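Visitor: What follows is a structure written as structure tokens; I'll ask about it next.
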Amino acid sequence: MKKILSLALLSFLAGSALAQNTQYKVSGTVPADVTAVYIITNNDSRQVDSVKVSNGKFEATGTKETNAFITFMKDRQNQYTVVNDGTPVSIDFNAGTVSGSALNNEFTAFQKQQAQETQKMNEVYTVYRNTEDKAKREELIKEIEALDEQAESEIQNYVKQHKNDVTPAFYLSTNYYGYSFEELKAVLDPSTAYYKHVAMLRPKAHLKNLAKRQPGQKFHELEMKDPQGNDVKLSQFVPGHYTLVDFWASWCGPCRQEMPNVLKAYEKYHESEGFEIVGVSFDRTEAAWKKGIETLKMPWPQMSDLKYWECAANEIYGVNSIPSNVLLDPEGNIVACDLRGEGLQKKLAEIYGK
């Protein structure tokens, strides 16, 4: 991971050194009680500035990298991001409108649409949290998932329709986890206008990470300790049967939510088919790791180097979010990765025919 971040930083510095700059002018109107508008560049919280408001109006001018994304925030719920294309922009936070170049008008209109859908999702989630009826909660979860899928689908369509401008980089920089390896590989097309945008560093790094655990490759060795302090290798558990290498941590909420599904697969296929699981933990303390194994009732082999995100699996398998996994065949070849929920059950049913 350090290597990836270092390469990303070097790429950023090199790109910045060669980038052209463009003057921007953004003026706007805000409610009378607002005293300042905050400015963030390229979704980077380290690049935060502000401009004072006078009599409900503000004006920001300066020079930034051409095609940089400049976000103007009244608060977290009210913000607009514009492309620095040299055309003056006017933002009316009271009316919720933006006027600028044709690209910025379309770009901010889509942002507004997405914000409305996020608000709807939050409203449904609030109802879910205050509902005790089990059937109603399940219904609300399905509604939330449907809204989330709709928003993700709209972003993916937006990216496809805007290959000739830089705005997809704004969405890809924060939504790349929603893409499969093949989908992300397709959108990271060097011929697109957004490919070289600085905001694309993370999606590009993520694609490289995903490539390390794609089907068709031989498994990569891991050497760690088991809970008893013994030195173990992943290769000890692999030959002769299908093996799920499960990347998790005791502190990871989504891992805990997924574990009953993993346990279900183990109980169904371990005794009858020889299916094996090896847990690779991203924990940082031995006590928490052992407590997690006990609490989650995981009977399969475990290994960890207790290095948190510096875990060897981060670099070797490109795992920078958990839960994650790779499924190995009896010869140690990767046949699938990142199987969760019904995806895991369907894949094993396909393999074992039941």
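By convention here, the chains of the structure tokens are called A, B, ... in the order presented, each chain's residues are numbered starting at 1, and ligands are numbered starting at 1 in the order presented.
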As an mmCIF file with C-alpha atoms, in the first residue's frame, which residues of range 38-285 of chain A does DSSP assign to strand (DSSP E or B)?

Guide:
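The result, stored in states-v6.cif:
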data_model
loop_
_atom_site.group_PDB
_atom_site.id
_atom_site.type_symbol
_atom_site.label_atom_id
_atom_site.label_comp_id
_atom_site.auth_asym_id
_atom_site.auth_seq_id
_atom_site.Cartn_x
_atom_site.Cartn_y
_atom_site.Cartn_z
ATOM 1 C CA TYR A 38 -16.009 26.704 1.979
ATOM 2 C CA ILE A 39 -14.020 25.612 -1.061
ATOM 3 C CA ILE A 40 -12.495 22.168 -1.662
ATOM 4 C CA THR A 41 -10.392 21.230 -4.682
ATOM 5 C CA ASP A 44 -9.181 16.625 -1.347
ATOM 6 C CA SER A 45 -10.023 17.676 2.219
ATOM 7 C CA ARG A 46 -6.436 18.884 2.579
ATOM 8 C CA GLN A 47 -7.164 21.570 -0.005
ATOM 9 C CA VAL A 48 -9.786 23.548 1.913
ATOM 10 C CA ASP A 49 -10.253 27.300 1.613
ATOM 11 C CA SER A 50 -13.086 29.702 2.353
ATOM 12 C CA VAL A 51 -14.516 32.977 1.161
ATOM 13 C CA LYS A 52 -16.428 35.473 3.288
ATOM 14 C CA SER A 54 -21.305 39.846 2.663
ATOM 15 C CA LYS A 57 -23.401 37.217 -1.442
ATOM 16 C CA PHE A 58 -19.924 35.825 -2.107
ATOM 17 C CA GLU A 59 -17.330 35.887 -4.857
ATOM 18 C CA ALA A 60 -14.322 33.612 -5.259
ATOM 19 C CA THR A 61 -11.593 34.237 -7.786
ATOM 20 C CA GLY A 62 -8.153 32.823 -8.364
ATOM 21 C CA THR A 63 -6.134 30.395 -10.411
ATOM 22 C CA LYS A 64 -6.322 26.616 -10.263
ATOM 23 C CA GLU A 65 -5.384 23.722 -12.471
ATOM 24 C CA PHE A 69 -13.064 20.162 -9.578
ATOM 25 C CA ILE A 70 -13.888 23.070 -7.271
ATOM 26 C CA THR A 71 -16.546 22.375 -4.648
ATOM 27 C CA PHE A 72 -18.436 25.235 -2.982
ATOM 28 C CA MET A 73 -20.130 24.316 0.302
ATOM 29 C CA LYS A 74 -22.689 26.155 2.368
ATOM 30 C CA ASP A 75 -22.821 23.042 4.545
ATOM 31 C CA ASN A 78 -25.691 22.006 0.280
ATOM 32 C CA GLN A 79 -22.741 21.964 -2.081
ATOM 33 C CA TYR A 80 -21.984 22.213 -5.771
ATOM 34 C CA THR A 81 -18.888 21.167 -7.674
ATOM 35 C CA VAL A 82 -17.891 22.890 -10.904
ATOM 36 C CA VAL A 83 -15.186 22.238 -13.467
ATOM 37 C CA VAL A 89 -20.092 30.499 -12.678
ATOM 38 C CA SER A 90 -22.988 31.778 -10.590
ATOM 39 C CA ILE A 91 -24.402 29.635 -7.754
ATOM 40 C CA ASP A 92 -27.696 30.470 -6.037
ATOM 41 C CA THR A 97 -29.460 26.726 -9.297
ATOM 42 C CA VAL A 98 -26.135 27.034 -11.095
ATOM 43 C CA SER A 99 -25.351 29.033 -14.202
ATOM 44 C CA LYS A 218 -1.976 -19.084 -9.103
ATOM 45 C CA GLU A 223 3.408 -16.358 5.756
ATOM 46 C CA MET A 224 2.006 -15.322 9.144
ATOM 47 C CA LYS A 225 1.233 -16.641 12.627
ATOM 48 C CA ASP A 231 4.455 -19.873 11.930
ATOM 49 C CA VAL A 232 2.077 -20.907 9.161
ATOM 50 C CA LYS A 233 1.875 -20.591 5.388
ATOM 51 C CA THR A 243 -10.350 -23.133 -0.366
ATOM 52 C CA LEU A 244 -11.815 -19.753 0.445
ATOM 53 C CA VAL A 245 -9.154 -17.320 1.652
ATOM 54 C CA ASP A 246 -11.250 -14.923 3.732
ATOM 55 C CA PHE A 247 -9.833 -11.458 4.518
ATOM 56 C CA TRP A 248 -11.481 -10.002 7.628
ATOM 57 C CA GLU A 276 -11.923 -25.323 3.447
ATOM 58 C CA ILE A 277 -11.690 -21.739 4.639
ATOM 59 C CA VAL A 278 -8.587 -19.896 5.819
ATOM 60 C CA GLY A 279 -9.107 -16.637 7.665
ATOM 61 C CA VAL A 280 -6.549 -13.883 7.108
ATOM 62 C CA SER A 281 -7.063 -11.165 9.697
#

Visitor: Skip Glu143 in chain A itself and residues of its chain fewer than 4 positions away, then list as a ChimeraX atom specification all residues within 9 Å of it, counting only C-alpha atoms.

Guide: /A:121,124,138-139,147-148

Visitor: If you run DSSP on the backbone, which residues of range 127-259 of chain A are helix (DSSP H, G or I), as a ChimeraX atom specification?

Guide: /A:127-129,134-161,168-178,181-187,198-211,234-236,253-259

Visitor: With distances taken over only C-alpha atoms, which of A:Cys311, A:Ile144, A:Ala135, A:Ala95 is nearest to Glu123 in chain A?

Guide: A:Ile144

Visitor: For each of A:Val262, A:Leu328, A:Ala146, A:Val37, take the minimum atom-to-atom distance to Thr118 in chain A, counting only C-alpha atoms, then give the residue where this is smallest.

Guide: A:Ala146

Visitor: How many Å lie between CA of Lys163 in chain A and CA of Val319 in chain A, rounded to one decimal?

Guide: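 Between CA of Lys163 in chain A and CA of Val319 in chain A the gap works out to 28.7 Å.
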
Visitor: Just to confirm, what's the straight-line distance from CA of Asn175 in chain A to CA of Val187 in chain A in Å (one decimal)?

Guide: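 Distance between the two atoms: 12.1 Å.
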
Visitor: Out of A:Pro190, A:Pro215, A:Gly56, A:Pro323, which residue has the shortest atom-to-atom distance to Ala36 in chain A when counting only C-alpha atoms?

Guide: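 So, comparing all the options, the nearest one is A:Gly56.
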
Visitor: Please determine, counting only C-alpha atoms, which residue among A:Ala68, A:Val26, A:Leu296, A:Leu348 has the shortest atom-to-atom distance to His197 in chain A.

Guide: A:Ala68

Visitor: Write out as a compact mmCIF listing (two decimals) with all heavy atoms, in the first residue's frame which residues come within 12 Å of Gln116 in chain A when counting only C-alpha atoms, dropping same-chain ones fewer than 3 positions away.

Guide:
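The result, stored in part.txt:
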# COMPACT_ATOMS: atom_id res chain seq x y z
N GLN A 77 -24.81 19.37 3.39
CA GLN A 77 -25.98 19.01 2.61
C GLN A 77 -26.20 19.92 1.41
O GLN A 77 -27.03 19.63 0.54
CB GLN A 77 -27.25 19.03 3.49
CG GLN A 77 -27.37 17.86 4.47
CD GLN A 77 -26.37 17.94 5.60
OE1 GLN A 77 -26.17 19.01 6.17
NE2 GLN A 77 -25.73 16.83 5.92
N ASN A 78 -25.51 21.04 1.37
CA ASN A 78 -25.69 22.01 0.28
C ASN A 78 -24.34 22.37 -0.32
O ASN A 78 -23.61 23.22 0.21
CB ASN A 78 -26.39 23.27 0.80
CG ASN A 78 -27.80 23.01 1.26
OD1 ASN A 78 -28.74 23.05 0.48
ND2 ASN A 78 -27.96 22.72 2.56
N GLY A 96 -31.16 26.97 -5.45
CA GLY A 96 -30.62 25.66 -5.84
C GLY A 96 -30.31 25.59 -7.32
O GLY A 96 -30.54 24.57 -7.97
N ALA A 109 -26.50 19.82 -12.58
CA ALA A 109 -27.87 19.31 -12.60
C ALA A 109 -27.89 17.83 -12.19
O ALA A 109 -28.77 17.39 -11.44
CB ALA A 109 -28.48 19.47 -13.98
N PHE A 110 -26.89 17.09 -12.65
CA PHE A 110 -26.80 15.68 -12.27
C PHE A 110 -26.46 15.54 -10.79
O PHE A 110 -26.98 14.66 -10.10
CB PHE A 110 -25.75 14.97 -13.13
CG PHE A 110 -25.69 13.49 -12.90
CD1 PHE A 110 -26.74 12.67 -13.28
CD2 PHE A 110 -24.58 12.90 -12.28
CE1 PHE A 110 -26.70 11.29 -13.06
CE2 PHE A 110 -24.53 11.54 -12.06
CZ PHE A 110 -25.59 10.73 -12.45
N GLN A 111 -25.60 16.42 -10.28
CA GLN A 111 -25.29 16.42 -8.85
C GLN A 111 -26.55 16.64 -8.01
O GLN A 111 -26.76 15.97 -6.99
CB GLN A 111 -24.27 17.51 -8.53
CG GLN A 111 -22.89 17.29 -9.08
CD GLN A 111 -22.01 18.51 -8.86
OE1 GLN A 111 -21.96 19.07 -7.76
NE2 GLN A 111 -21.34 18.95 -9.90
N LYS A 112 -27.37 17.57 -8.46
CA LYS A 112 -28.60 17.88 -7.74
C LYS A 112 -29.52 16.66 -7.72
O LYS A 112 -30.13 16.34 -6.69
CB LYS A 112 -29.30 19.07 -8.38
CG LYS A 112 -30.51 19.58 -7.61
CD LYS A 112 -31.06 20.85 -8.23
CE LYS A 112 -32.25 21.38 -7.44
NZ LYS A 112 -32.79 22.63 -8.03
N GLN A 113 -29.61 15.99 -8.84
CA GLN A 113 -30.42 14.77 -8.93
C GLN A 113 -29.93 13.71 -7.96
O GLN A 113 -30.70 13.07 -7.24
CB GLN A 113 -30.39 14.23 -10.36
CG GLN A 113 -31.13 12.91 -10.55
CD GLN A 113 -30.90 12.35 -11.94
OE1 GLN A 113 -30.86 13.10 -12.92
NE2 GLN A 113 -30.76 11.04 -12.05
N GLN A 119 -30.91 12.01 -0.36
CA GLN A 119 -31.81 12.48 0.68
C GLN A 119 -32.98 11.52 0.87
O GLN A 119 -33.36 11.20 2.00
CB GLN A 119 -32.34 13.88 0.34
CG GLN A 119 -33.28 14.45 1.40
CD GLN A 119 -33.77 15.85 1.06
OE1 GLN A 119 -33.28 16.47 0.14
NE2 GLN A 119 -34.75 16.32 1.80
N LYS A 120 -33.52 11.02 -0.23
CA LYS A 120 -34.61 10.06 -0.16
C LYS A 120 -34.14 8.78 0.54
O LYS A 120 -34.86 8.22 1.39
CB LYS A 120 -35.08 9.73 -1.59
CG LYS A 120 -36.12 8.60 -1.67
CD LYS A 120 -37.40 8.94 -0.94
CE LYS A 120 -38.44 7.84 -1.11
NZ LYS A 120 -39.68 8.09 -0.34
N MET A 121 -32.94 8.33 0.22
CA MET A 121 -32.38 7.14 0.84
C MET A 121 -32.21 7.35 2.35
O MET A 121 -32.53 6.46 3.15
CB MET A 121 -31.03 6.80 0.20
CG MET A 121 -30.57 5.37 0.45
SD MET A 121 -28.94 5.05 -0.30
CE MET A 121 -29.23 5.60 -1.98
N ASN A 122 -31.74 8.52 2.74
CA ASN A 122 -31.57 8.83 4.16
C ASN A 122 -32.90 8.87 4.89
O ASN A 122 -33.00 8.45 6.05
CB ASN A 122 -30.83 10.16 4.33
CG ASN A 122 -29.38 10.08 3.92
OD1 ASN A 122 -28.79 9.01 3.91
ND2 ASN A 122 -28.80 11.22 3.56
N GLU A 123 -33.93 9.38 4.23
CA GLU A 123 -35.25 9.43 4.84
C GLU A 123 -35.80 8.03 5.09
O GLU A 123 -36.38 7.76 6.15
CB GLU A 123 -36.21 10.22 3.93
CG GLU A 123 -35.91 11.71 3.87
CD GLU A 123 -36.73 12.43 2.80
OE1 GLU A 123 -37.47 11.74 2.05
OE2 GLU A 123 -36.63 13.67 2.72
N LEU A 147 -32.84 1.90 -4.15
CA LEU A 147 -32.45 3.29 -4.37
C LEU A 147 -30.95 3.40 -4.59
O LEU A 147 -30.49 4.17 -5.44
CB LEU A 147 -32.87 4.14 -3.16
CG LEU A 147 -34.36 4.42 -3.00
CD1 LEU A 147 -34.65 5.03 -1.64
CD2 LEU A 147 -34.87 5.33 -4.11
N ALA A 151 -29.10 4.75 -8.02
CA ALA A 151 -28.11 5.84 -8.03
C ALA A 151 -26.81 5.38 -8.68
O ALA A 151 -26.21 6.10 -9.48
CB ALA A 151 -27.86 6.34 -6.62

Visitor: Which one of A:Asp165, A:Glu271, A:Glu258, A:Glu152 sits closest to Leu339 in chain A if you count only C-alpha atoms?

Guide: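 So, comparing all the options, the nearest one is A:Glu258.
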
Visitor: Sort by chain and increasing residue number a table of all residues of range 248-326 of chain A within 10 Å of range 198-214 of chain A, each with its closest pair of atoms and their distance in Å to one decimal, counting only C-alpha atoms, and write it as a Markdown table.

Guide:
| residue | atom | partner | partner_atom | distance |
| --- | --- | --- | --- | --- |
| A:Asn314 | CA | A:Asn209 | CA | 8.5 |
| A:Glu315 | CA | A:Asn209 | CA | 8.0 |
| A:Ile316 | CA | A:Lys212 | CA | 7.2 |
| A:Tyr317 | CA | A:Lys212 | CA | 5.3 |
| A:Gly318 | CA | A:Asn209 | CA | 3.9 |
| A:Val319 | CA | A:Asn209 | CA | 6.8 |
| A:Asn320 | CA | A:Asn209 | CA | 7.9 |
| A:Asn325 | CA | A:Arg213 | CA | 8.7 |
| A:Val326 | CA | A:Arg213 | CA | 6.7 |
